[in-house]
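Pasted below: target03.pdb, PDB, C-alpha atoms.
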ATOM      1  CA  MET G   1       0.000   0.000   0.000
ATOM      2  CA  LYS G   2       2.814   2.445   0.891
ATOM      3  CA  THR G   3       4.589   1.695  -2.374
ATOM      4  CA  THR G   4       1.428   2.408  -4.348
ATOM      5  CA  SER G   5       0.907   5.704  -2.477
ATOM      6  CA  LYS G   6       4.503   6.768  -3.078
ATOM      7  CA  ALA G   7       4.228   5.929  -6.767
ATOM      8  CA  LEU G   8       0.966   7.850  -7.005
ATOM      9  CA  VAL G   9       2.533  10.909  -5.304
ATOM     10  CA  ILE G  10       5.525  10.782  -7.655
ATOM     11  CA  ILE G  11       3.263  10.519 -10.712
ATOM     12  CA  LEU G  12       1.098  13.428  -9.510
ATOM     13  CA  CYS G  13       4.199  15.572  -8.864
ATOM     14  CA  ALA G  14       5.499  14.774 -12.347
ATOM     15  CA  ILE G  15       2.154  15.730 -13.904
ATOM     16  CA  ILE G  16       2.071  19.021 -11.976
ATOM     17  CA  LEU G  17       5.655  19.787 -13.030
ATOM     18  CA  ILE G  18       4.871  19.062 -16.683
ATOM     19  CA  LEU G  19       1.740  21.221 -16.571
ATOM     20  CA  THR G  20       3.596  24.061 -14.823
ATOM     21  CA  VAL G  21       6.442  24.081 -17.324
ATOM     22  CA  GLY G  22       4.077  23.677 -20.278
ATOM     23  CA  CYS G  23       1.831  26.552 -19.183
ATOM     24  CA  GLN G  24       4.532  29.110 -18.478
ATOM     25  CA  LYS G  25       4.234  32.446 -20.221
ATOM     26  CA  GLU G  26       5.935  32.443 -23.601
ATOM     27  CA  GLU G  27       9.100  34.531 -23.748
ATOM     28  CA  ARG G  28       9.010  37.475 -26.107
ATOM     29  CA  THR G  29      11.198  36.941 -29.159
ATOM     30  CA  SER G  30      10.331  39.942 -31.296
ATOM     31  CA  LEU G  31      12.342  43.156 -31.348
ATOM     32  CA  LEU G  32       9.362  45.371 -32.144
ATOM     33  CA  PRO G  33       5.873  45.625 -30.674
ATOM     34  CA  PHE G  34       2.518  45.189 -32.447
ATOM     35  CA  GLY G  35       3.806  42.303 -34.576
ATOM     36  CA  LEU G  36       6.056  44.624 -36.570
ATOM     37  CA  GLU G  37       9.402  43.511 -37.949
ATOM     38  CA  LEU G  38      12.347  45.442 -39.343
ATOM     39  CA  GLY G  39      11.966  45.359 -43.119
ATOM     40  CA  ASP G  40       8.163  45.562 -43.121
ATOM     41  CA  ASP G  41       6.953  47.846 -45.893
ATOM     42  CA  TYR G  42       5.037  51.032 -45.150
ATOM     43  CA  GLU G  43       1.684  49.726 -46.413
ATOM     44  CA  MET G  44       1.851  46.679 -44.150
ATOM     45  CA  VAL G  45       2.855  48.802 -41.144
ATOM     46  CA  LYS G  46       0.055  51.287 -41.888
ATOM     47  CA  ASP G  47      -2.432  48.391 -41.920
ATOM     48  CA  THR G  48      -1.113  47.193 -38.544
ATOM     49  CA  ILE G  49      -0.972  50.478 -36.620
ATOM     50  CA  ASP G  50      -2.241  53.948 -37.405
ATOM     51  CA  ILE G  51       0.984  55.786 -38.270
ATOM     52  CA  GLY G  52      -0.572  58.210 -40.730
ATOM     53  CA  GLU G  53       1.221  59.552 -43.748
ATOM     54  CA  LEU G  54       5.002  59.612 -43.894
ATOM     55  CA  ARG G  55       7.042  62.764 -44.233
ATOM     56  CA  ASP G  56      10.439  63.160 -45.856
ATOM     57  CA  SER G  57      13.392  62.774 -43.528
ATOM     58  CA  SER G  58      15.741  65.730 -43.258
ATOM     59  CA  ALA G  59      18.664  63.420 -42.404
ATOM     60  CA  ASN G  60      18.596  61.132 -45.475
ATOM     61  CA  ASP G  61      16.492  59.983 -48.437
ATOM     62  CA  GLY G  62      14.103  58.088 -46.179
ATOM     63  CA  TYR G  63      10.825  58.810 -44.455
ATOM     64  CA  LEU G  64       9.555  59.341 -40.912
ATOM     65  CA  SER G  65       6.236  58.741 -39.252
ATOM     66  CA  HIS G  66       4.771  61.328 -36.956
ATOM     67  CA  LEU G  67       5.318  60.878 -33.238
ATOM     68  CA  MET G  68       2.475  58.681 -31.955
ATOM     69  CA  ASP G  69       1.411  58.939 -28.335
ATOM     70  CA  ILE G  70       0.791  55.615 -26.604
ATOM     71  CA  SER G  71      -1.442  55.775 -23.534
ATOM     72  CA  ASP G  72      -2.901  52.265 -23.352
ATOM     73  CA  GLU G  73      -1.237  50.455 -20.427
ATOM     74  CA  LYS G  74      -1.195  47.100 -22.266
ATOM     75  CA  GLU G  75       0.529  48.651 -25.276
ATOM     76  CA  ILE G  76       3.088  50.366 -23.028
ATOM     77  CA  ALA G  77       3.800  47.038 -21.316
ATOM     78  CA  GLU G  78       4.146  45.361 -24.727
ATOM     79  CA  ILE G  79       6.725  47.927 -25.795
ATOM     80  CA  LEU G  80       8.720  48.286 -22.559
ATOM     81  CA  GLY G  81       7.913  45.181 -20.531
ATOM     82  CA  THR G  82       6.243  47.302 -17.830
ATOM     83  CA  ASN G  83       3.914  50.249 -17.466
ATOM     84  CA  GLU G  84       4.510  51.012 -13.795
ATOM     85  CA  GLY G  85       5.937  54.483 -13.249
ATOM     86  CA  ILE G  86       5.978  55.115 -17.008
ATOM     87  CA  SER G  87       4.371  58.153 -18.675
ATOM     88  CA  ASP G  88       4.552  60.284 -21.820
ATOM     89  CA  VAL G  89       5.175  57.296 -24.092
ATOM     90  CA  ALA G  90       5.484  57.990 -27.810
ATOM     91  CA  ILE G  91       6.848  56.012 -30.733
ATOM     92  CA  ALA G  92       8.086  56.949 -34.188
ATOM     93  CA  LEU G  93       9.154  54.840 -37.133
ATOM     94  CA  ALA G  94      11.729  55.507 -39.838
ATOM     95  CA  PHE G  95      11.636  54.003 -43.313
ATOM     96  CA  ASN G  96      14.395  53.831 -45.904
ATOM     97  CA  ALA G  97      14.106  55.105 -49.479
ATOM     98  CA  ASP G  98      12.246  51.888 -50.429
ATOM     99  CA  LYS G  99       9.757  52.544 -47.601
ATOM    100  CA  LYS G 100      11.008  49.561 -45.578
ATOM    101  CA  LEU G 101      10.950  49.936 -41.792
ATOM    102  CA  TYR G 102      14.527  50.322 -40.572
ATOM    103  CA  GLU G 103      14.288  52.238 -37.267
ATOM    104  CA  PHE G 104      11.966  52.206 -34.285
ATOM    105  CA  TYR G 105      12.037  54.902 -31.618
ATOM    106  CA  CYS G 106      10.294  54.853 -28.261
ATOM    107  CA  LEU G 107      10.431  57.935 -26.024
ATOM    108  CA  PHE G 108       9.130  57.821 -22.452
ATOM    109  CA  THR G 109       9.446  59.228 -18.944
ATOM    110  CA  VAL G 110      10.212  57.070 -15.909
ATOM    111  CA  GLU G 111       9.451  58.120 -12.334
ATOM    112  CA  ASN G 112      12.709  58.514 -10.442
ATOM    113  CA  GLU G 113      11.868  55.854  -7.846
ATOM    114  CA  LYS G 114      11.039  53.321 -10.613
ATOM    115  CA  LEU G 115      14.106  53.976 -12.774
ATOM    116  CA  GLU G 116      16.350  51.152 -11.570
ATOM    117  CA  GLU G 117      13.501  48.626 -11.720
ATOM    118  CA  THR G 118      12.494  49.819 -15.207
ATOM    119  CA  ASN G 119      16.117  49.664 -16.416
ATOM    120  CA  ASN G 120      16.352  46.056 -15.222
ATOM    121  CA  ILE G 121      13.050  45.070 -16.880
ATOM    122  CA  ILE G 122      14.075  46.615 -20.212
ATOM    123  CA  ARG G 123      17.527  45.031 -20.041
ATOM    124  CA  GLU G 124      16.005  41.616 -19.321
ATOM    125  CA  ARG G 125      13.500  42.009 -22.158
ATOM    126  CA  TYR G 126      16.185  42.808 -24.753
ATOM    127  CA  ASN G 127      18.693  40.314 -23.340
ATOM    128  CA  GLN G 128      16.099  37.621 -24.149
ATOM    129  CA  VAL G 129      15.788  38.866 -27.722
ATOM    130  CA  ALA G 130      19.277  40.134 -28.572
ATOM    131  CA  GLY G 131      21.604  38.338 -26.181
ATOM    132  CA  GLU G 132      23.892  39.864 -23.592
ATOM    133  CA  GLU G 133      24.257  43.640 -23.718
ATOM    134  CA  GLU G 134      27.524  45.408 -24.343
ATOM    135  CA  LYS G 135      29.068  47.968 -22.013
ATOM    136  CA  ASP G 136      27.707  51.414 -22.810
ATOM    137  CA  PRO G 137      29.373  54.326 -20.998
ATOM    138  CA  GLN G 138      27.105  56.866 -22.749
ATOM    139  CA  GLY G 139      23.750  55.204 -22.091
ATOM    140  CA  ILE G 140      22.144  52.492 -20.031
ATOM    141  CA  ALA G 141      22.369  49.484 -22.348
ATOM    142  CA  LEU G 142      23.495  48.695 -25.875
ATOM    143  CA  TRP G 143      23.055  45.567 -27.959
ATOM    144  CA  ILE G 144      24.829  45.258 -31.319
ATOM    145  CA  ASN G 145      25.067  42.443 -33.849
ATOM    146  CA  ASP G 146      25.452  42.200 -37.629
ATOM    147  CA  GLN G 147      21.756  42.866 -38.283
ATOM    148  CA  TYR G 148      20.733  45.575 -35.806
ATOM    149  CA  SER G 149      21.543  47.666 -32.767
ATOM    150  CA  ILE G 150      19.367  48.497 -29.775
ATOM    151  CA  ASP G 151      20.357  51.592 -27.805
ATOM    152  CA  TYR G 152      18.642  52.369 -24.499
ATOM    153  CA  PHE G 153      19.505  55.647 -22.806
ATOM    154  CA  CYS G 154      18.206  58.415 -20.582
ATOM    155  CA  ASN G 155      19.309  61.944 -21.378
ATOM    156  CA  ASN G 156      19.097  63.567 -17.958
ATOM    157  CA  ARG G 157      21.380  61.412 -15.816
ATOM    158  CA  TYR G 158      22.370  64.276 -13.514
ATOM    159  CA  GLU G 159      18.808  65.414 -12.845
ATOM    160  CA  VAL G 160      17.967  61.846 -11.799
ATOM    161  CA  VAL G 161      20.596  62.108  -9.051
ATOM    162  CA  ILE G 162      18.669  64.999  -7.496
ATOM    163  CA  GLY G 163      15.322  63.207  -7.763
ATOM    164  CA  GLU G 164      13.955  64.265 -11.156
ATOM    165  CA  ASP G 165      12.133  61.819 -13.423
ATOM    166  CA  ALA G 166      14.135  60.375 -16.306
ATOM    167  CA  SER G 167      13.478  61.100 -19.989
ATOM    168  CA  CYS G 168      14.455  57.899 -21.767
ATOM    169  CA  ALA G 169      14.565  56.480 -25.276
ATOM    170  CA  ILE G 170      15.035  53.194 -27.041
ATOM    171  CA  CYS G 171      16.284  53.219 -30.622
ATOM    172  CA  ILE G 172      16.330  50.029 -32.693
ATOM    173  CA  HIS G 173      18.286  50.391 -35.942
ATOM    174  CA  SER G 174      18.648  47.880 -38.787
ATOM    175  CA  PHE G 175      22.087  47.756 -40.392
ATOM    176  CA  GLU G 176      20.762  45.537 -43.185
ATOM    177  CA  LEU G 177      18.124  48.071 -44.280
ATOM    178  CA  ASP G 178      20.168  51.204 -43.644
ATOM    179  CA  PHE G 179      21.277  53.551 -46.398
ATOM    180  CA  GLU G 180      24.413  52.660 -48.379
TER     181      GLU G 180
END

Encoded form (structure tokens):
Amino acid sequence: MKTTSKALVIILCAIILILTVGCQKEERTSLLPFGLELGDDYEMVKDTIDIGELRDSSANDGYLSHLMDISDEKEIAEILGTNEGISDVAIALAFNADKKLYEFYCLFTVENEKLEETNNIIRERYNQVAGEEEKDPQGIALWINDQYSIDYFCNNRYEVVIGEDASCAICIHSFELDFE
């Protein structure tokens, strides 16, 4: 009887373990939110999210979307991995001369007391997608490979020391789709 009970307990534990591992939340593997990918053409992107009409870029022969405010908490969490202590979120997209998506920008403000936690969440999110970050003395985190770079930085590091909220940005840039 004891042997049967032990075997039953072991089988039940194994089933629970299998169900727990099988039902875990899927890790994010996409660089961009909303199902977008670097290289998507303008028409496809426009059908996915409301980016409006493009305007000519003053920096190159490409195009820029208008800055789009994001206020939905679920969308903010999809972009950054969290929405706690985050405000003033906006995104912009850049397209090359062939109207292929080659840059994604996300601008946002982080409450001072949430900055370290937010930095860790964003680092973890992009470490899962892009691998281990490189040292970045100018910003917070930088990931670079042959296809793209991801640069995460806050531009008011000294104000943060005295308790101000941080104005931050993430820029994802495709080397493959960049201008020659």

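Nearest residue to G:Glu53 among G:Ile76, G:Leu36, G:Leu93, G:Ala141 is G:Leu93, counting all atoms listed in the file.
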
* To do: Work out how far atom CA of G:Tyr126 is from atom CA of G:Asp69, in Å to one decimal.
  => 22.2 Å

* For the structure shown, which residues end up in the PyMOL selection byres ((chain G and resi 56) around 12)? Put them as a list in words, please? => Glu53, Leu54, Arg55, Ser57, Ser58, Ala59, Asn60, Asp61, Gly62, Tyr63, Leu64, Ser65, His66, Ala94, Phe95, Asn96, Ala97 and Lys99 of chain G

* Name every residue that the PyMOL selection byres ((chain G and resi 123) around 9) selects in this structure, writing the answer as a PyMOL selection string with chains first and numbers rising. => chain G and resi 118-122+124-128+132-133+140-141+152

So what does the PyMOL selection byres ((chain G and resi 143) around 8) actually pick up in this one, as a PDB file with C-alpha atoms, keeping the file's coordinate frame?
ATOM      1  CA  ALA G 130      19.277  40.134 -28.572  1.00  0.00           C
ATOM      2  CA  GLY G 131      21.604  38.338 -26.181  1.00  0.00           C
ATOM      3  CA  GLU G 132      23.892  39.864 -23.592  1.00  0.00           C
ATOM      4  CA  GLU G 133      24.257  43.640 -23.718  1.00  0.00           C
ATOM      5  CA  GLU G 134      27.524  45.408 -24.343  1.00  0.00           C
ATOM      6  CA  ALA G 141      22.369  49.484 -22.348  1.00  0.00           C
ATOM      7  CA  LEU G 142      23.495  48.695 -25.875  1.00  0.00           C
ATOM      8  CA  ILE G 144      24.829  45.258 -31.319  1.00  0.00           C
ATOM      9  CA  ASN G 145      25.067  42.443 -33.849  1.00  0.00           C
ATOM     10  CA  SER G 149      21.543  47.666 -32.767  1.00  0.00           C
ATOM     11  CA  ILE G 150      19.367  48.497 -29.775  1.00  0.00           C
ATOM     12  CA  ASP G 151      20.357  51.592 -27.805  1.00  0.00           C
TER      13      ASP G 151
END

So for stretch 149-165 of chain G, what box centre and size do we get, axis-aligned, 5 Å extra on each of the six sides, every listed atom, Å to one decimal, as AutoDock Vina command-line options?
--center_x 17.3 --center_y 56.5 --center_z -20.1 --size_x 20.2 --size_y 27.7 --size_z 35.3

* To do: Tell me, as a PyMOL selection string, which residues lie within 12 Å of G:Glu164, counting all atoms listed in the file; anything in the same chain fewer than 6 positions away does not count.
  => chain G and resi 109-115+154-158

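Interatomic distance, atom CA of G:Val129 against atom CA of G:Ser30: 6.6 Å.
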
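Residues within 7 Å of G:Leu67, counting all atoms listed in the file and excluding same-chain residues fewer than 3 positions away, are Ala90, Ile91 and Ala92 of chain G.
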
Starting from the incomplete input, reconstruct all heavy atoms of stretch 64-75 of chain G and report them as a short mmCIF file (atom, residue, chain, number, x, y, z; two decimals), keeping the file's coordinate frame.
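Result file selection.cif:
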data_model
loop_
_atom_site.label_atom_id
_atom_site.label_comp_id
_atom_site.auth_asym_id
_atom_site.auth_seq_id
_atom_site.Cartn_x
_atom_site.Cartn_y
_atom_site.Cartn_z
N LEU G 64 9.86 59.46 -42.34
CA LEU G 64 9.56 59.34 -40.91
C LEU G 64 8.05 59.37 -40.70
O LEU G 64 7.32 60.07 -41.40
CB LEU G 64 10.16 60.52 -40.14
CG LEU G 64 11.67 60.62 -40.06
CD1 LEU G 64 12.06 61.94 -39.42
CD2 LEU G 64 12.23 59.45 -39.27
N SER G 65 7.63 58.62 -39.68
CA SER G 65 6.24 58.74 -39.25
C SER G 65 6.15 59.91 -38.29
O SER G 65 7.17 60.43 -37.83
CB SER G 65 5.79 57.46 -38.54
OG SER G 65 6.37 57.37 -37.25
N HIS G 66 4.96 60.33 -38.00
CA HIS G 66 4.77 61.33 -36.96
C HIS G 66 4.94 60.64 -35.61
O HIS G 66 4.81 59.42 -35.50
CB HIS G 66 3.39 61.96 -37.07
CG HIS G 66 3.22 62.74 -38.34
ND1 HIS G 66 3.73 64.00 -38.50
CD2 HIS G 66 2.63 62.42 -39.51
CE1 HIS G 66 3.45 64.43 -39.71
NE2 HIS G 66 2.79 63.48 -40.36
N LEU G 67 5.23 61.40 -34.59
CA LEU G 67 5.32 60.88 -33.24
C LEU G 67 3.92 60.46 -32.79
O LEU G 67 2.98 61.25 -32.89
CB LEU G 67 5.88 61.96 -32.32
CG LEU G 67 6.56 61.52 -31.04
CD1 LEU G 67 7.69 60.55 -31.31
CD2 LEU G 67 7.09 62.73 -30.30
N MET G 68 3.78 59.22 -32.35
CA MET G 68 2.48 58.68 -31.96
C MET G 68 2.45 58.45 -30.45
O MET G 68 3.26 57.68 -29.93
CB MET G 68 2.21 57.37 -32.68
CG MET G 68 2.10 57.51 -34.17
SD MET G 68 2.17 55.92 -35.01
CE MET G 68 3.92 55.54 -34.86
N ASP G 69 1.55 59.12 -29.77
CA ASP G 69 1.41 58.94 -28.34
C ASP G 69 0.78 57.58 -28.05
O ASP G 69 -0.16 57.16 -28.72
CB ASP G 69 0.54 60.04 -27.73
CG ASP G 69 1.20 61.40 -27.80
OD1 ASP G 69 2.45 61.47 -27.69
OD2 ASP G 69 0.48 62.40 -27.96
N ILE G 70 1.31 56.91 -27.04
CA ILE G 70 0.79 55.62 -26.60
C ILE G 70 0.35 55.78 -25.15
O ILE G 70 1.18 56.07 -24.28
CB ILE G 70 1.86 54.50 -26.69
CG1 ILE G 70 2.49 54.43 -28.08
CG2 ILE G 70 1.29 53.17 -26.25
CD1 ILE G 70 1.59 53.95 -29.17
N SER G 71 -0.94 55.61 -24.89
CA SER G 71 -1.44 55.78 -23.53
C SER G 71 -2.05 54.50 -22.96
O SER G 71 -2.23 54.38 -21.76
CB SER G 71 -2.47 56.91 -23.46
OG SER G 71 -3.53 56.63 -24.35
N ASP G 72 -2.33 53.53 -23.81
CA ASP G 72 -2.90 52.26 -23.35
C ASP G 72 -1.85 51.49 -22.55
O ASP G 72 -0.75 51.24 -23.04
CB ASP G 72 -3.38 51.45 -24.56
CG ASP G 72 -4.02 50.15 -24.15
OD1 ASP G 72 -5.24 50.16 -23.89
OD2 ASP G 72 -3.30 49.13 -24.08
N GLU G 73 -2.20 51.12 -21.32
CA GLU G 73 -1.24 50.46 -20.43
C GLU G 73 -0.75 49.13 -20.99
O GLU G 73 0.42 48.78 -20.82
CB GLU G 73 -1.85 50.26 -19.05
CG GLU G 73 -2.01 51.56 -18.28
CD GLU G 73 -2.54 51.36 -16.87
OE1 GLU G 73 -2.81 50.22 -16.46
OE2 GLU G 73 -2.66 52.38 -16.17
N LYS G 74 -1.61 48.38 -21.68
CA LYS G 74 -1.20 47.10 -22.27
C LYS G 74 -0.18 47.33 -23.38
O LYS G 74 0.78 46.57 -23.52
CB LYS G 74 -2.41 46.32 -22.78
CG LYS G 74 -3.26 45.75 -21.68
CD LYS G 74 -4.43 44.97 -22.24
CE LYS G 74 -5.29 44.45 -21.10
NZ LYS G 74 -6.46 43.73 -21.58
N GLU G 75 -0.41 48.35 -24.19
CA GLU G 75 0.53 48.65 -25.28
C GLU G 75 1.87 49.11 -24.72
O GLU G 75 2.92 48.75 -25.24
CB GLU G 75 -0.06 49.70 -26.22
CG GLU G 75 -1.20 49.18 -27.06
CD GLU G 75 -1.80 50.23 -27.98
OE1 GLU G 75 -1.52 51.44 -27.82
OE2 GLU G 75 -2.56 49.82 -28.88
#
